[in-house]
Amino acid sequence: MTDAKTLPLDQWHRGNGARMVPFAGYEMPIQYEGIMAEHLWTRESAGLFDVSHMGQVELWGEGAAEALEAIVPGDISALKPGRIRYTLLLNEGGGIVDDLMVTNAGDHLYLVVNGATKAGDLDFLRTHLPDDIEIRHLEDQALLALQGPKAAETLARLDITAMSGDGSTPGDFYFMQGGGFEWEGVTIGVSRSGYTGEDGFEISVPGDAVEKLATALAEQPEVKPIGLGARDSLRLEAGLPLYGHDIDEDTTPIAADLGFAISKKRREDGDFHGAERILQERESGSIAKRVGLVIEGRQPVREGAPVLNANGDAVGKVTSGGFAPSLQKPIAMAYVPTASAEPGTEITVEQRGKLFTGIVTPMPFVPHHYHRPPKA
């Protein structure tokens, strides 16, 4: 027995042969035909993920962007309509409360936060945003992700029309753009983004219409449903952190190698939570840093395995690790002393009394294939 909630697509997953497991408070599909096969299918074709456990939130009210900037280091007020920004909720000490996506939806902001932290995130927003900013938790919305090199051509077959009436389609977007559309009389939100390193889309759809949309997508020959297992291996190959594992409230953006999320203007203004510590670390370096490791041999090292120095003392730890199907070798993310974070450095990892050698490697392990504008 489990207290986990069920997603709107629960029976759809089971009917498609999914093995379900508890995750982030929900019963979710871990795999269908197998993690390796699903991973490689997504890299080569198009994978359909149910990510309805994620938190979808709207912020309404004058000055919402400026208010949000007090607790994130991104330049939200300069975000143009239809543009998306990755940013970080920060506590007053500069630790990461969550990472999230923020979209300028025109008359409001649309946020996607992590499923396991959404209740805490909502409390954090209510505590730190002014009372005149309305926070709407879209509990009845589901979220699908269609990821892979054939995602765009697949989505183009569905009769999706822009709410703006300008004839645009999701395929017209570049990476980190989004907007409102209509499909089969249902209002949906589509963004060109995702968590696999591949081109793809995330689609917000009412929970009572998600099964119809999932079925329409899965009927396309390029598409197969993909579970959480492959989602994790895909994001690991892409070098993308998972909240609660690779980043948490004790981690700063600099230690997490997420300094790119701090915009130039915000660095100059220094008016966000934890700015003094974060900007000092940016100048002088943090004690530890998140790095990628390629592990010698064939056996993966797993989360929690300690990183050892020459004396055998623990000086860091692995935060994510597994076998990379695209590379056919084990890889990991770990925090190591900043002095040991240079690519090519050999790192010793201990797991169950056995020592492994990891080579610090630039991330992503597998190149990103986002659909970006052509360079001028």
# chains A, B, ... in the order shown; residues from 1 in each chain; ligands from 1

$ closest_atom_pairs --of "range 139-257 of chain A" --to "range 291-306 of chain A" --cutoff "9 Å" --atoms "only C-alpha atoms" --output "JSON lines"
{"residue": "A:Gly239", "atom": "CA", "partner": "A:Gly292", "partner_atom": "CA", "distance": 7.4}
{"residue": "A:His245", "atom": "CA", "partner": "A:Glu303", "partner_atom": "CA", "distance": 7.8}
{"residue": "A:Ala256", "atom": "CA", "partner": "A:Val291", "partner_atom": "CA", "distance": 8.4}
{"residue": "A:Asp257", "atom": "CA", "partner": "A:Val291", "partner_atom": "CA", "distance": 7.9}

$ closest_atom_pairs --of "range 103-126 of chain A" --to "range 25-49 of chain A" --cutoff "12 Å" --atoms "only C-alpha atoms" --output "tab-separated table"
residue	atom	partner	partner_atom	distance
A:Asn114	CA	A:Gly25	CA	11.7
A:Gly115	CA	A:Gly25	CA	8.2
A:Ala116	CA	A:Gly25	CA	7.0
A:Thr117	CA	A:Gly25	CA	10.1
A:Lys118	CA	A:Gly25	CA	10.8
A:Ala119	CA	A:Gly25	CA	11.0

$ write_last_selection --atoms "C-alpha atoms" --output "mmCIF file, in the first residue's frame"
data_model
loop_
_atom_site.group_PDB
_atom_site.id
_atom_site.type_symbol
_atom_site.label_atom_id
_atom_site.label_comp_id
_atom_site.auth_asym_id
_atom_site.auth_seq_id
_atom_site.Cartn_x
_atom_site.Cartn_y
_atom_site.Cartn_z
ATOM 1 C CA ASN A 114 10.082 20.704 -9.112
ATOM 2 C CA GLY A 115 7.447 18.181 -8.077
ATOM 3 C CA ALA A 116 9.067 17.113 -4.822
ATOM 4 C CA THR A 117 9.450 20.723 -3.640
ATOM 5 C CA LYS A 118 6.349 22.442 -4.976
ATOM 6 C CA ALA A 119 4.545 22.673 -1.618
#

$ closest_residue --among "A:Gly227, A:Gly106, A:Gly344, A:Gly15" --to "Ser77 in chain A" --atoms "only C-alpha atoms"
A:Gly106

$ residues_around --residues "range 137-153 of chain A" --least-positions-apart "4" --cutoff "7 Å" --atoms "only C-alpha atoms" --output "list of chain:residue names"
A:Thr42, A:Arg43, A:Glu44, A:Ser45, A:Ala46, A:Gly47, A:Leu48, A:Phe49, A:Asp50, A:Val51, A:Ser52, A:Gln56, A:Val57, A:Glu58, A:Arg157, A:Gly171, A:Gly194, A:Glu198, A:Asp199, A:Gly200, A:Phe201, A:Glu202, A:Ile203, A:Ser204, A:Val205, A:Pro206, A:Gly207, A:Val210, A:Glu222

$ residues_around --residues "Gly179 in chain A" --least-positions-apart "6" --cutoff "6 Å" --atoms "only C-alpha atoms" --output "PDB file with all heavy atoms, in the first residue's frame"
ATOM      1  N   GLY A  82       6.708  35.767 -24.068  1.00  0.00           N
ATOM      2  CA  GLY A  82       6.970  34.540 -24.803  1.00  0.00           C
ATOM      3  C   GLY A  82       8.356  33.966 -24.589  1.00  0.00           C
ATOM      4  O   GLY A  82       8.680  32.905 -25.129  1.00  0.00           O
ATOM      5  N   GLY A 189      -0.617  25.323 -23.258  1.00  0.00           N
ATOM      6  CA  GLY A 189       0.592  26.134 -23.306  1.00  0.00           C
ATOM      7  C   GLY A 189       1.738  25.268 -23.792  1.00  0.00           C
ATOM      8  O   GLY A 189       1.909  24.141 -23.326  1.00  0.00           O
ATOM      9  N   VAL A 190       2.513  25.764 -24.750  1.00  0.00           N
ATOM     10  CA  VAL A 190       3.621  24.993 -25.319  1.00  0.00           C
ATOM     11  C   VAL A 190       4.907  25.787 -25.210  1.00  0.00           C
ATOM     12  O   VAL A 190       4.947  26.976 -25.569  1.00  0.00           O
ATOM     13  CB  VAL A 190       3.363  24.630 -26.797  1.00  0.00           C
ATOM     14  CG1 VAL A 190       4.494  23.754 -27.337  1.00  0.00           C
ATOM     15  CG2 VAL A 190       2.015  23.951 -26.963  1.00  0.00           C
TER      16      VAL A 190
END

$ residues_around --residues "Arg231 in chain A" --least-positions-apart "2" --cutoff "8 Å" --atoms "only C-alpha atoms" --output "JSON, numbers by chain"
{"A": [39, 49, 195, 196, 226, 227, 228, 229, 233, 234, 235]}

$ write_last_selection --atoms "N, CA, C and O atoms" --output "CSV table (one decimal), in the first residue's frame"
chain,number,residue,atom,x,y,z
A,39,HIS,N,15.8,5.3,-23.4
A,39,HIS,CA,16.9,6.4,-23.5
A,39,HIS,C,17.3,6.6,-24.9
A,39,HIS,O,17.3,7.7,-25.4
A,49,PHE,N,7.0,12.0,-22.2
A,49,PHE,CA,7.2,11.9,-20.8
A,49,PHE,C,6.0,12.6,-20.1
A,49,PHE,O,5.5,13.6,-20.5
A,195,TYR,N,14.3,18.6,-20.5
A,195,TYR,CA,15.2,18.2,-19.5
A,195,TYR,C,16.1,17.0,-19.9
A,195,TYR,O,16.6,16.2,-19.1
A,196,THR,N,16.2,16.9,-21.3
A,196,THR,CA,17.0,15.8,-21.8
A,196,THR,C,18.2,16.2,-22.6
A,196,THR,O,19.1,15.3,-22.9
A,226,ILE,N,8.0,7.2,-22.4
A,226,ILE,CA,9.3,7.1,-21.7
A,226,ILE,C,9.1,7.3,-20.2
A,226,ILE,O,8.4,8.2,-19.8
A,227,GLY,N,9.8,6.5,-19.4
A,227,GLY,CA,9.6,6.6,-18.0
A,227,GLY,C,10.7,7.4,-17.3
A,227,GLY,O,11.6,7.9,-17.9
A,228,LEU,N,10.5,7.5,-16.0
A,228,LEU,CA,11.5,8.3,-15.1
A,228,LEU,C,12.9,7.8,-15.2
A,228,LEU,O,13.8,8.5,-15.0
A,229,GLY,N,13.1,6.5,-15.4
A,229,GLY,CA,14.4,5.9,-15.4
A,229,GLY,C,15.3,6.5,-16.6
A,229,GLY,O,16.4,7.0,-16.3
A,233,SER,N,18.6,9.2,-16.8
A,233,SER,CA,19.9,9.0,-17.5
A,233,SER,C,20.1,10.0,-18.6
A,233,SER,O,21.2,10.4,-18.8
A,234,LEU,N,19.0,10.5,-19.2
A,234,LEU,CA,19.1,11.5,-20.2
A,234,LEU,C,19.6,12.8,-19.6
A,234,LEU,O,20.5,13.4,-20.2
A,235,ARG,N,19.0,13.2,-18.5
A,235,ARG,CA,19.4,14.5,-17.9
A,235,ARG,C,20.8,14.4,-17.4
A,235,ARG,O,21.6,15.4,-17.3

$ residues_around --residues "Pro343 in chain A" --least-positions-apart "6" --cutoff "7 Å" --atoms "only C-alpha atoms" --output "ChimeraX atom specification"
/A:360-362

$ decode --residues "range 135-279 of chain A" --atoms "C-alpha atoms" --output "compact mmCIF listing (two decimals), in the first residue's frame"
# COMPACT_ATOMS: atom_id res chain seq x y z
CA ILE A 135 -0.09 33.21 -6.57
CA ARG A 136 -2.15 30.64 -8.48
CA HIS A 137 -1.23 26.96 -8.19
CA LEU A 138 -2.52 25.23 -11.35
CA GLU A 139 -3.38 21.96 -9.63
CA ASP A 140 -5.71 20.81 -12.40
CA GLN A 141 -3.10 21.19 -15.16
CA ALA A 142 -1.11 18.24 -16.47
CA LEU A 143 2.30 18.55 -18.14
CA LEU A 144 3.72 16.46 -20.96
CA ALA A 145 7.22 16.60 -22.45
CA LEU A 146 7.88 15.51 -26.04
CA GLN A 147 11.64 15.21 -26.43
CA GLY A 148 14.00 14.14 -29.19
CA PRO A 149 15.21 15.07 -32.69
CA LYS A 150 11.87 14.12 -34.28
CA ALA A 151 9.70 15.95 -31.73
CA ALA A 152 9.08 19.00 -33.92
CA GLU A 153 7.98 17.09 -37.01
CA THR A 154 5.72 14.91 -34.86
CA LEU A 155 4.04 17.80 -33.08
CA ALA A 156 3.51 19.55 -36.42
CA ARG A 157 1.05 16.83 -37.46
CA LEU A 158 -1.37 17.81 -34.72
CA ASP A 159 -3.73 20.65 -35.56
CA ILE A 160 -2.38 23.14 -33.03
CA THR A 161 -3.32 26.78 -33.62
CA ALA A 162 -1.94 29.88 -31.93
CA MET A 163 -4.20 31.76 -29.54
CA SER A 164 -2.77 34.98 -30.99
CA GLY A 165 -4.32 34.17 -34.36
CA ASP A 166 -1.08 34.98 -36.17
CA GLY A 167 -0.78 31.52 -37.71
CA SER A 168 2.33 30.61 -35.74
CA THR A 169 3.00 27.05 -34.60
CA PRO A 170 5.14 25.54 -31.82
CA GLY A 171 7.66 24.62 -34.53
CA ASP A 172 8.31 28.33 -35.06
CA PHE A 173 9.77 28.62 -31.56
CA TYR A 174 13.43 28.51 -30.72
CA PHE A 175 14.76 27.04 -27.49
CA MET A 176 13.31 28.80 -24.41
CA GLN A 177 10.31 30.32 -26.16
CA GLY A 178 6.66 29.52 -25.45
CA GLY A 179 3.09 30.61 -25.93
CA GLY A 180 -0.61 29.77 -25.83
CA PHE A 181 -2.29 27.49 -28.36
CA GLU A 182 -5.51 25.60 -28.97
CA TRP A 183 -5.83 21.91 -29.83
CA GLU A 184 -9.16 20.12 -30.33
CA GLY A 185 -10.95 22.99 -28.59
CA VAL A 186 -8.61 22.84 -25.56
CA THR A 187 -6.31 25.68 -24.50
CA ILE A 188 -2.73 24.49 -24.06
CA GLY A 189 0.59 26.13 -23.31
CA VAL A 190 3.62 24.99 -25.32
CA SER A 191 7.27 25.77 -24.68
CA ARG A 192 10.34 24.65 -26.62
CA SER A 193 12.31 23.37 -23.66
CA GLY A 194 12.96 20.20 -21.71
CA TYR A 195 15.24 18.18 -19.47
CA THR A 196 16.99 15.77 -21.82
CA GLY A 197 19.47 17.93 -23.74
CA GLU A 198 17.50 17.25 -26.92
CA ASP A 199 15.20 19.50 -28.89
CA GLY A 200 11.65 19.19 -27.66
CA PHE A 201 8.55 20.71 -26.15
CA GLU A 202 6.70 20.84 -22.85
CA ILE A 203 2.92 21.03 -23.11
CA SER A 204 0.66 22.23 -20.30
CA VAL A 205 -2.82 20.82 -20.76
CA PRO A 206 -5.93 20.52 -18.56
CA GLY A 207 -5.89 17.24 -16.65
CA ASP A 208 -9.23 16.16 -18.13
CA ALA A 209 -7.80 16.47 -21.68
CA VAL A 210 -4.31 15.05 -21.18
CA GLU A 211 -5.19 11.44 -22.01
CA LYS A 212 -6.58 12.46 -25.39
CA LEU A 213 -3.43 14.45 -26.17
CA ALA A 214 -1.07 11.74 -24.92
CA THR A 215 -2.86 9.17 -27.07
CA ALA A 216 -2.70 11.40 -30.15
CA LEU A 217 1.04 11.87 -29.66
CA ALA A 218 1.77 8.23 -28.87
CA GLU A 219 -0.05 7.16 -32.05
CA GLN A 220 2.67 8.88 -34.11
CA PRO A 221 5.26 6.36 -35.39
CA GLU A 222 8.20 8.37 -34.02
CA VAL A 223 6.82 8.48 -30.47
CA LYS A 224 7.06 6.06 -27.56
CA PRO A 225 6.15 6.69 -23.90
CA ILE A 226 9.26 7.05 -21.73
CA GLY A 227 9.61 6.57 -17.97
CA LEU A 228 11.47 8.25 -15.14
CA GLY A 229 14.44 5.92 -15.43
CA ALA A 230 15.40 7.15 -18.89
CA ARG A 231 14.51 10.72 -17.95
CA ASP A 232 17.18 10.49 -15.24
CA SER A 233 19.86 8.97 -17.47
CA LEU A 234 19.12 11.49 -20.23
CA ARG A 235 19.42 14.49 -17.92
CA LEU A 236 22.63 13.05 -16.41
CA GLU A 237 24.23 12.75 -19.85
CA ALA A 238 23.08 16.33 -20.51
CA GLY A 239 24.82 17.52 -17.32
CA LEU A 240 21.59 18.86 -15.84
CA PRO A 241 21.24 18.88 -12.03
CA LEU A 242 18.35 17.27 -10.17
CA TYR A 243 17.07 19.19 -7.17
CA GLY A 244 17.49 17.38 -3.87
CA HIS A 245 20.40 15.41 -5.26
CA ASP A 246 22.86 17.67 -7.11
CA ILE A 247 21.61 20.95 -5.63
CA ASP A 248 19.87 21.87 -2.37
CA GLU A 249 19.57 24.61 0.24
CA ASP A 250 23.18 24.08 1.32
CA THR A 251 24.45 24.62 -2.22
CA THR A 252 25.17 28.00 -3.80
CA PRO A 253 24.86 28.68 -7.53
CA ILE A 254 28.65 29.04 -7.79
CA ALA A 255 29.40 25.71 -6.12
CA ALA A 256 26.71 24.11 -8.33
CA ASP A 257 28.36 25.54 -11.48
CA LEU A 258 25.16 27.46 -12.23
CA GLY A 259 26.71 30.92 -12.27
CA PHE A 260 25.28 31.49 -15.76
CA ALA A 261 21.87 31.93 -14.09
CA ILE A 262 23.07 35.17 -12.47
CA SER A 263 22.59 37.86 -15.09
CA LYS A 264 25.03 40.73 -15.50
CA LYS A 265 22.51 43.33 -14.38
CA ARG A 266 21.65 41.38 -11.25
CA ARG A 267 25.35 40.94 -10.44
CA GLU A 268 25.80 44.69 -10.73
CA ASP A 269 22.72 45.45 -8.62
CA GLY A 270 23.43 42.74 -6.03
CA ASP A 271 19.87 43.00 -4.71
CA PHE A 272 18.81 39.35 -4.44
CA HIS A 273 18.88 36.81 -1.62
CA GLY A 274 22.40 35.76 -0.70
CA ALA A 275 23.99 38.20 -3.15
CA GLU A 276 26.93 39.09 -0.89
CA ARG A 277 28.02 35.48 -0.45
CA ILE A 278 27.30 34.46 -4.04
CA LEU A 279 29.13 37.39 -5.61
